[in-house]
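One file, structure_28.txt, carrying compact mmCIF, C-alpha atoms and all ligand atoms:
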```txt
# COMPACT_ATOMS: atom_id res chain seq x y z
CA MET A 1 -19.30 -123.29 -11.76
CA GLY A 2 -16.74 -125.95 -12.74
CA PHE A 3 -17.76 -125.49 -16.34
CA ILE A 4 -17.23 -121.75 -16.18
CA LYS A 5 -13.84 -122.31 -14.58
CA SER A 6 -12.84 -124.61 -17.44
CA ILE A 7 -13.90 -121.99 -19.97
CA ILE A 8 -11.88 -119.37 -18.13
CA ASN A 9 -8.87 -121.70 -18.12
CA ILE A 10 -9.21 -122.24 -21.86
CA LEU A 11 -9.62 -118.55 -22.61
CA PHE A 12 -6.99 -117.33 -20.18
CA PRO A 13 -4.51 -120.14 -19.67
CA GLY A 14 -2.17 -119.38 -16.84
CA GLU A 15 -4.47 -116.95 -15.14
CA TYR A 16 -5.84 -119.38 -12.59
CA ILE A 17 -3.61 -122.32 -13.28
CA CYS A 18 -1.64 -123.84 -10.41
CA LEU A 19 2.00 -122.99 -11.08
CA PHE A 20 3.28 -126.05 -9.24
CA CYS A 21 1.52 -128.75 -11.29
CA ARG A 22 0.43 -126.65 -14.32
CA GLU A 23 -2.62 -128.92 -14.49
CA ASN A 24 -5.26 -127.98 -11.95
CA SER A 25 -6.91 -124.65 -11.64
CA SER A 26 -5.90 -122.70 -8.57
CA GLY A 27 -9.39 -121.19 -8.59
CA LYS A 28 -10.40 -117.59 -8.91
CA GLU A 29 -10.85 -117.38 -5.16
CA ASN A 30 -7.26 -118.52 -4.62
CA PRO A 31 -4.86 -115.93 -5.98
CA LYS A 32 -1.84 -117.81 -4.64
CA TYR A 33 -1.20 -119.85 -7.79
CA ILE A 34 -1.47 -123.12 -5.85
CA CYS A 35 -4.24 -125.73 -6.31
CA THR A 36 -5.72 -127.63 -3.40
CA SER A 37 -3.93 -130.90 -4.36
CA CYS A 38 -0.51 -129.22 -4.35
CA MET A 39 -1.42 -127.31 -1.22
CA GLU A 40 -1.90 -130.66 0.54
CA LEU A 41 1.65 -131.66 -0.36
CA LEU A 42 3.12 -128.59 1.32
CA GLU A 43 4.16 -128.90 4.93
CA VAL A 44 3.83 -125.32 6.06
CA VAL A 45 5.55 -124.73 9.40
CA ASN A 46 6.35 -120.98 9.59
CA ARG A 47 9.11 -121.91 11.96
CA GLU A 48 11.92 -120.01 13.62
CA ALA A 49 15.25 -121.65 12.81
CA ASN A 50 17.20 -122.88 15.77
CA LEU A 51 20.30 -120.83 15.02
CA GLU A 52 22.17 -118.31 17.09
CA LEU A 53 23.80 -115.89 14.70
CA PRO A 54 25.45 -112.71 15.97
CA ASP A 55 24.04 -110.24 13.43
CA VAL A 56 20.62 -111.79 12.84
CA GLU A 57 17.67 -110.97 15.05
CA LYS A 58 15.63 -114.02 14.02
CA ILE A 59 15.59 -116.45 11.11
CA TYR A 60 12.38 -118.01 9.86
CA TYR A 61 11.50 -120.53 7.20
CA SER A 62 8.12 -121.37 5.72
CA LEU A 63 8.17 -125.01 4.63
CA LEU A 64 9.56 -128.39 5.54
CA TYR A 65 12.01 -129.67 2.94
CA ASN A 66 9.92 -132.65 1.85
CA LYS A 67 10.03 -134.60 -1.41
CA PHE A 68 7.55 -132.34 -3.19
CA ILE A 69 9.32 -129.14 -2.21
CA ARG A 70 12.74 -130.57 -3.03
CA LYS A 71 11.52 -131.21 -6.58
CA LYS A 72 9.84 -127.82 -7.05
CA PHE A 73 12.73 -126.03 -5.45
CA HIS A 74 15.17 -127.72 -7.81
CA ALA A 75 13.03 -126.71 -10.79
CA PHE A 76 12.99 -123.13 -9.51
CA LYS A 77 16.69 -122.95 -8.88
CA PHE A 78 18.29 -125.05 -11.59
CA GLN A 79 15.76 -125.78 -14.35
CA GLY A 80 14.74 -122.33 -15.46
CA LYS A 81 11.27 -122.40 -13.88
CA SER A 82 11.63 -118.81 -12.77
CA TYR A 83 7.83 -118.27 -12.65
CA LEU A 84 7.74 -120.31 -9.43
CA TYR A 85 8.65 -117.11 -7.61
CA LYS A 86 4.91 -116.40 -7.55
CA PRO A 87 3.60 -119.34 -5.47
CA PHE A 88 6.83 -119.40 -3.44
CA GLY A 89 6.54 -115.65 -2.90
CA GLU A 90 2.97 -116.07 -1.65
CA ILE A 91 4.11 -118.76 0.79
CA LEU A 92 6.77 -116.37 2.14
CA ILE A 93 4.22 -113.55 2.43
CA ASP A 94 2.06 -115.80 4.61
CA THR A 95 5.01 -116.36 6.95
CA ILE A 96 5.77 -112.62 7.01
CA LYS A 97 2.17 -111.86 7.99
CA ILE A 98 1.91 -114.61 10.59
CA LYS A 99 5.19 -113.60 12.23
CA ASN A 100 4.33 -109.90 11.90
CA ILE A 101 7.65 -109.21 10.17
CA ASP A 102 6.21 -106.61 7.79
CA ASN A 103 5.49 -104.32 10.74
CA LYS A 104 9.08 -104.56 11.97
CA VAL A 105 11.15 -103.95 8.86
CA GLN A 106 11.54 -100.88 6.67
CA ALA A 107 13.30 -102.55 3.78
CA ILE A 108 13.80 -105.91 2.12
CA THR A 109 16.83 -107.37 0.41
CA PHE A 110 18.16 -110.73 -0.75
CA VAL A 111 21.23 -112.92 -0.91
CA PRO A 112 23.04 -111.96 -4.08
CA ALA A 113 24.43 -114.34 -6.64
CA HIS A 114 27.82 -113.82 -8.14
CA ARG A 115 27.44 -112.03 -11.48
CA ARG A 116 28.92 -114.92 -13.42
CA LYS A 117 26.58 -117.41 -11.79
CA GLU A 118 23.54 -115.22 -12.35
CA ALA A 119 24.52 -114.85 -16.00
CA LEU A 120 24.65 -118.64 -16.36
CA ARG A 121 21.26 -119.14 -14.74
CA GLY A 122 19.56 -116.06 -16.14
CA TYR A 123 18.15 -114.95 -12.80
CA ASN A 124 18.76 -114.93 -9.08
CA GLN A 125 15.87 -116.84 -7.47
CA SER A 126 16.23 -115.02 -4.13
CA GLU A 127 16.03 -111.66 -5.90
CA LEU A 128 12.83 -112.69 -7.74
CA LEU A 129 11.26 -113.62 -4.40
CA ALA A 130 12.33 -110.41 -2.66
CA ARG A 131 11.18 -108.26 -5.58
CA TYR A 132 7.75 -109.91 -5.58
CA ILE A 133 7.30 -109.57 -1.81
CA ALA A 134 8.46 -105.93 -1.80
CA LYS A 135 5.92 -105.08 -4.48
CA ARG A 136 3.03 -107.00 -2.90
CA LEU A 137 3.63 -105.62 0.59
CA ASP A 138 4.80 -102.17 -0.50
CA ILE A 139 8.14 -102.40 1.28
CA THR A 140 11.27 -100.69 -0.08
CA LEU A 141 13.46 -103.07 -2.03
CA LEU A 142 17.22 -102.80 -1.66
CA ASP A 143 18.38 -104.35 -4.91
CA ASN A 144 21.96 -103.19 -5.17
CA HIS A 145 23.17 -103.29 -1.60
CA ILE A 146 24.92 -106.59 -0.99
CA ILE A 147 27.49 -107.73 -3.48
CA LYS A 148 29.37 -110.97 -3.66
CA ILE A 149 33.03 -110.11 -3.86
CA ARG A 150 34.51 -113.58 -4.17
CA TRP A 151 33.68 -116.47 -6.48
CA THR A 152 32.87 -119.37 -4.18
CA THR A 153 32.15 -123.05 -4.66
CA ASP A 154 28.44 -123.96 -4.46
CA GLN A 155 27.57 -124.62 -0.84
CA ASN A 156 25.80 -127.86 -1.73
CA LYS A 157 29.03 -129.30 -3.16
CA LEU A 158 30.89 -128.96 0.12
CA GLY A 159 30.99 -130.74 3.43
CA ARG A 160 29.75 -129.16 6.63
CA VAL A 161 33.06 -127.72 7.84
CA GLU A 162 34.07 -126.46 4.40
CA ARG A 163 30.72 -124.68 4.07
CA LYS A 164 31.33 -122.67 7.19
CA ASN A 165 34.59 -121.23 5.86
CA ASN A 166 33.71 -121.07 2.19
CA LEU A 167 31.64 -117.89 2.39
CA LYS A 168 33.62 -116.05 5.03
CA ASP A 169 33.89 -112.36 4.15
CA SER A 170 32.65 -113.01 0.62
CA PHE A 171 29.88 -110.37 0.82
CA LYS A 172 30.10 -106.62 1.02
CA ALA A 173 27.36 -104.03 1.62
CA ILE A 174 27.23 -100.92 -0.57
CA ASN A 175 24.97 -97.86 -0.98
CA ILE A 176 24.94 -97.64 2.79
CA GLU A 177 22.85 -94.46 3.08
CA ASP A 178 19.75 -96.35 1.89
CA PHE A 179 19.67 -98.71 4.88
CA LYS A 180 21.58 -97.04 7.69
CA GLY A 181 19.58 -97.30 10.94
CA LYS A 182 16.91 -99.49 9.30
CA GLU A 183 15.58 -102.93 10.12
CA ILE A 184 15.92 -105.17 7.12
CA LEU A 185 14.35 -108.42 5.97
CA LEU A 186 16.89 -110.62 4.20
CA ILE A 187 15.51 -113.26 1.81
CA ASP A 188 17.31 -116.46 0.90
CA ASP A 189 15.94 -119.56 -0.82
CA ILE A 190 17.13 -122.27 1.57
CA ILE A 191 18.89 -122.48 4.91
CA THR A 192 21.60 -125.12 4.83
CA THR A 193 23.93 -124.15 7.65
CA GLY A 194 22.94 -120.51 8.12
CA THR A 195 26.35 -119.36 6.91
CA THR A 196 25.00 -117.35 3.97
CA MET A 197 22.51 -115.52 6.21
CA LYS A 198 25.25 -114.94 8.74
CA GLU A 199 27.71 -113.44 6.27
CA CYS A 200 25.15 -111.24 4.50
CA SER A 201 23.78 -109.93 7.80
CA LYS A 202 27.27 -109.23 9.03
CA ALA A 203 27.95 -107.16 5.91
CA LEU A 204 24.74 -105.13 6.48
CA VAL A 205 25.15 -104.61 10.23
CA GLU A 206 28.81 -103.64 9.86
CA LYS A 207 27.68 -100.83 7.58
CA GLY A 208 24.96 -99.55 9.89
CA ALA A 209 21.80 -101.64 9.49
CA LYS A 210 19.95 -101.65 12.80
CA LYS A 211 18.63 -105.20 12.70
CA VAL A 212 18.36 -108.01 10.19
CA TYR A 213 15.60 -110.62 10.08
CA GLY A 214 16.18 -113.65 7.87
CA LEU A 215 13.54 -115.55 5.93
CA ALA A 216 13.96 -118.57 3.67
CA LEU A 217 11.50 -120.84 1.92
CA THR A 218 12.77 -123.97 3.50
CA SER A 219 15.57 -125.47 5.53
CA SER A 220 17.61 -128.60 4.97
CA MET A 221 19.16 -128.42 8.43
CA LYS A 222 18.67 -131.45 10.62
CA VAL A 223 16.71 -130.38 13.66
ZN ZN A 301 -1.25 -127.94 -8.39
```

Before we go any further, please render this structure as structure tokens.
Ligand SMILES: [Zn+2]
Amino acid sequence: MGFIKSIINILFPGEYICLFCRENSSGKENPKYICTSCMELLEVVNREANLELPDVEKIYYSLLYNKFIRKKFHAFKFQGKSYLYKPFGEILIDTIKIKNIDNKVQAITFVPAHRRKEALRGYNQSELLARYIAKRLDITLLDNHIIKIRWTTDQNKLGRVERKNNLKDSFKAINIEDFKGKEILLIDDIITTGTTMKECSKALVEKGAKKVYGLALTSSMKV
């Protein structure tokens, strides 16, 4: 069986390869793009974040922010490894299923990047995740509904207090008719203070969204 797997990997590189290490096979029986060695390095928690935000029903995150994830996350966000949306998307889908979120929401959206920033990076990692999940779970994707109206300093370059004010009123919801009265799942990559989730949810709820659930891959908050 191992021999056949190797042949398959040679003939169809990438088909069963683990996208985290690009070395081991993820196995035909594991369509999640993650090999067993990398799987062991993940600390899956599927946890509800301990945050009280006015316009967010609940916020969840999938993984602990450990050394392995910090590295992979950095590659995904800053080093052009956009294909990591696949294993990361699968991890988020597991959380969605376990927390039964897919039966509560009617649409999915994501934290937008400012156009200039997205142009520099080539993609918005949160959008790639949301797009993948929407397709896999057959949920409507809202892909032009939150816009960033102010250019803001990267959250990770600011102190705690500055972060809270930095994003205030920097998002606006548009194309309101598509989500009015709906419950929406909002995808972000990481929870740092919850401010991004808070501001995006506020923008949606102000324009008529019924409820917003937040989901991120990981959280760097101290708990
Ligand atoms: Zn691996």

When you count all atoms listed in the file, which of these residues is closest to Asn175 in chain A: A:Leu142, A:Cys200, A:Ile149, A:Ala130?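 Among the listed residues, the smallest separation from Asn175 in chain A belongs to A:Leu142.
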
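Shortest atom-to-atom contact with Arg131 in chain A among A:Ile187, A:Ala119, A:Leu204, A:Lys168: A:Ile187, counting all atoms listed in the file.
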
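Note that CA of Tyr33 in chain A and CA of Lys81 in chain A are 14.1 Å apart.
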
Sort by chain and increasing residue number a table of all residues of chain A within 6 Å of ligand ZN 301 (chain A), each with its closest pair of atoms and their distance in Å to one decimal, counting only C-alpha atoms and all ligand atoms, and write it as CSV.
```
residue,atom,partner,partner_atom,distance
A:Cys18,CA,A:ZN301,ZN,4.6
A:Phe20,CA,A:ZN301,ZN,5.0
A:Cys21,CA,A:ZN301,ZN,4.1
A:Asn24,CA,A:ZN301,ZN,5.4
A:Ile34,CA,A:ZN301,ZN,5.5
A:Cys35,CA,A:ZN301,ZN,4.3
A:Ser37,CA,A:ZN301,ZN,5.7
A:Cys38,CA,A:ZN301,ZN,4.3
```

Written file, previous selection with C-alpha atoms, as a short mmCIF file (atom, residue, chain, number, x, y, z; two decimals), in the frame of the given file:
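Here's the written file result36.cif:
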```cif
data_model
loop_
_atom_site.label_atom_id
_atom_site.label_comp_id
_atom_site.auth_asym_id
_atom_site.auth_seq_id
_atom_site.Cartn_x
_atom_site.Cartn_y
_atom_site.Cartn_z
CA CYS A 18 -1.64 -123.84 -10.41
CA PHE A 20 3.28 -126.05 -9.24
CA CYS A 21 1.52 -128.75 -11.29
CA ASN A 24 -5.26 -127.98 -11.95
CA ILE A 34 -1.47 -123.12 -5.85
CA CYS A 35 -4.24 -125.73 -6.31
CA SER A 37 -3.93 -130.90 -4.36
CA CYS A 38 -0.51 -129.22 -4.35
#
```

For each of A:Ile146, A:Ala173, A:Met39, A:Ala113, take the minimum atom-to-atom distance to Gln125 in chain A, counting all atoms listed in the file, then give the residue where this is smallest.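 With all atoms listed in the file as the atom set, the closest residue is A:Ala113.
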
Non-local contacts of Ser219 in chain A (7 Å; all atoms listed in the file; under 6 positions in same chain excluded) as a PDB file with C-alpha atoms, in the coordinates of the input:
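The resulting file, part13.pdb, is reproduced below:
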```pdb
ATOM      1  CA  TYR A  61      11.500-120.530   7.200  1.00  0.00           C
ATOM      2  CA  LEU A  64       9.560-128.390   5.540  1.00  0.00           C
ATOM      3  CA  TYR A  65      12.010-129.670   2.940  1.00  0.00           C
ATOM      4  CA  ILE A 190      17.130-122.270   1.570  1.00  0.00           C
ATOM      5  CA  ILE A 191      18.890-122.480   4.910  1.00  0.00           C
ATOM      6  CA  THR A 192      21.600-125.120   4.830  1.00  0.00           C
TER       7      THR A 192
END
```

Within 12 Å of Lys172 in chain A using only C-alpha atoms, minus same-chain residues under 2 positions, as a ChimeraX atom specification: /A:111-112,114,144-150,167-170,174-176,199-207

Between A:Asn165, A:Gln79, A:Thr153, A:Asn46, single out the one closest to Leu120 in chain A, counting all atoms listed in the file. A:Gln79
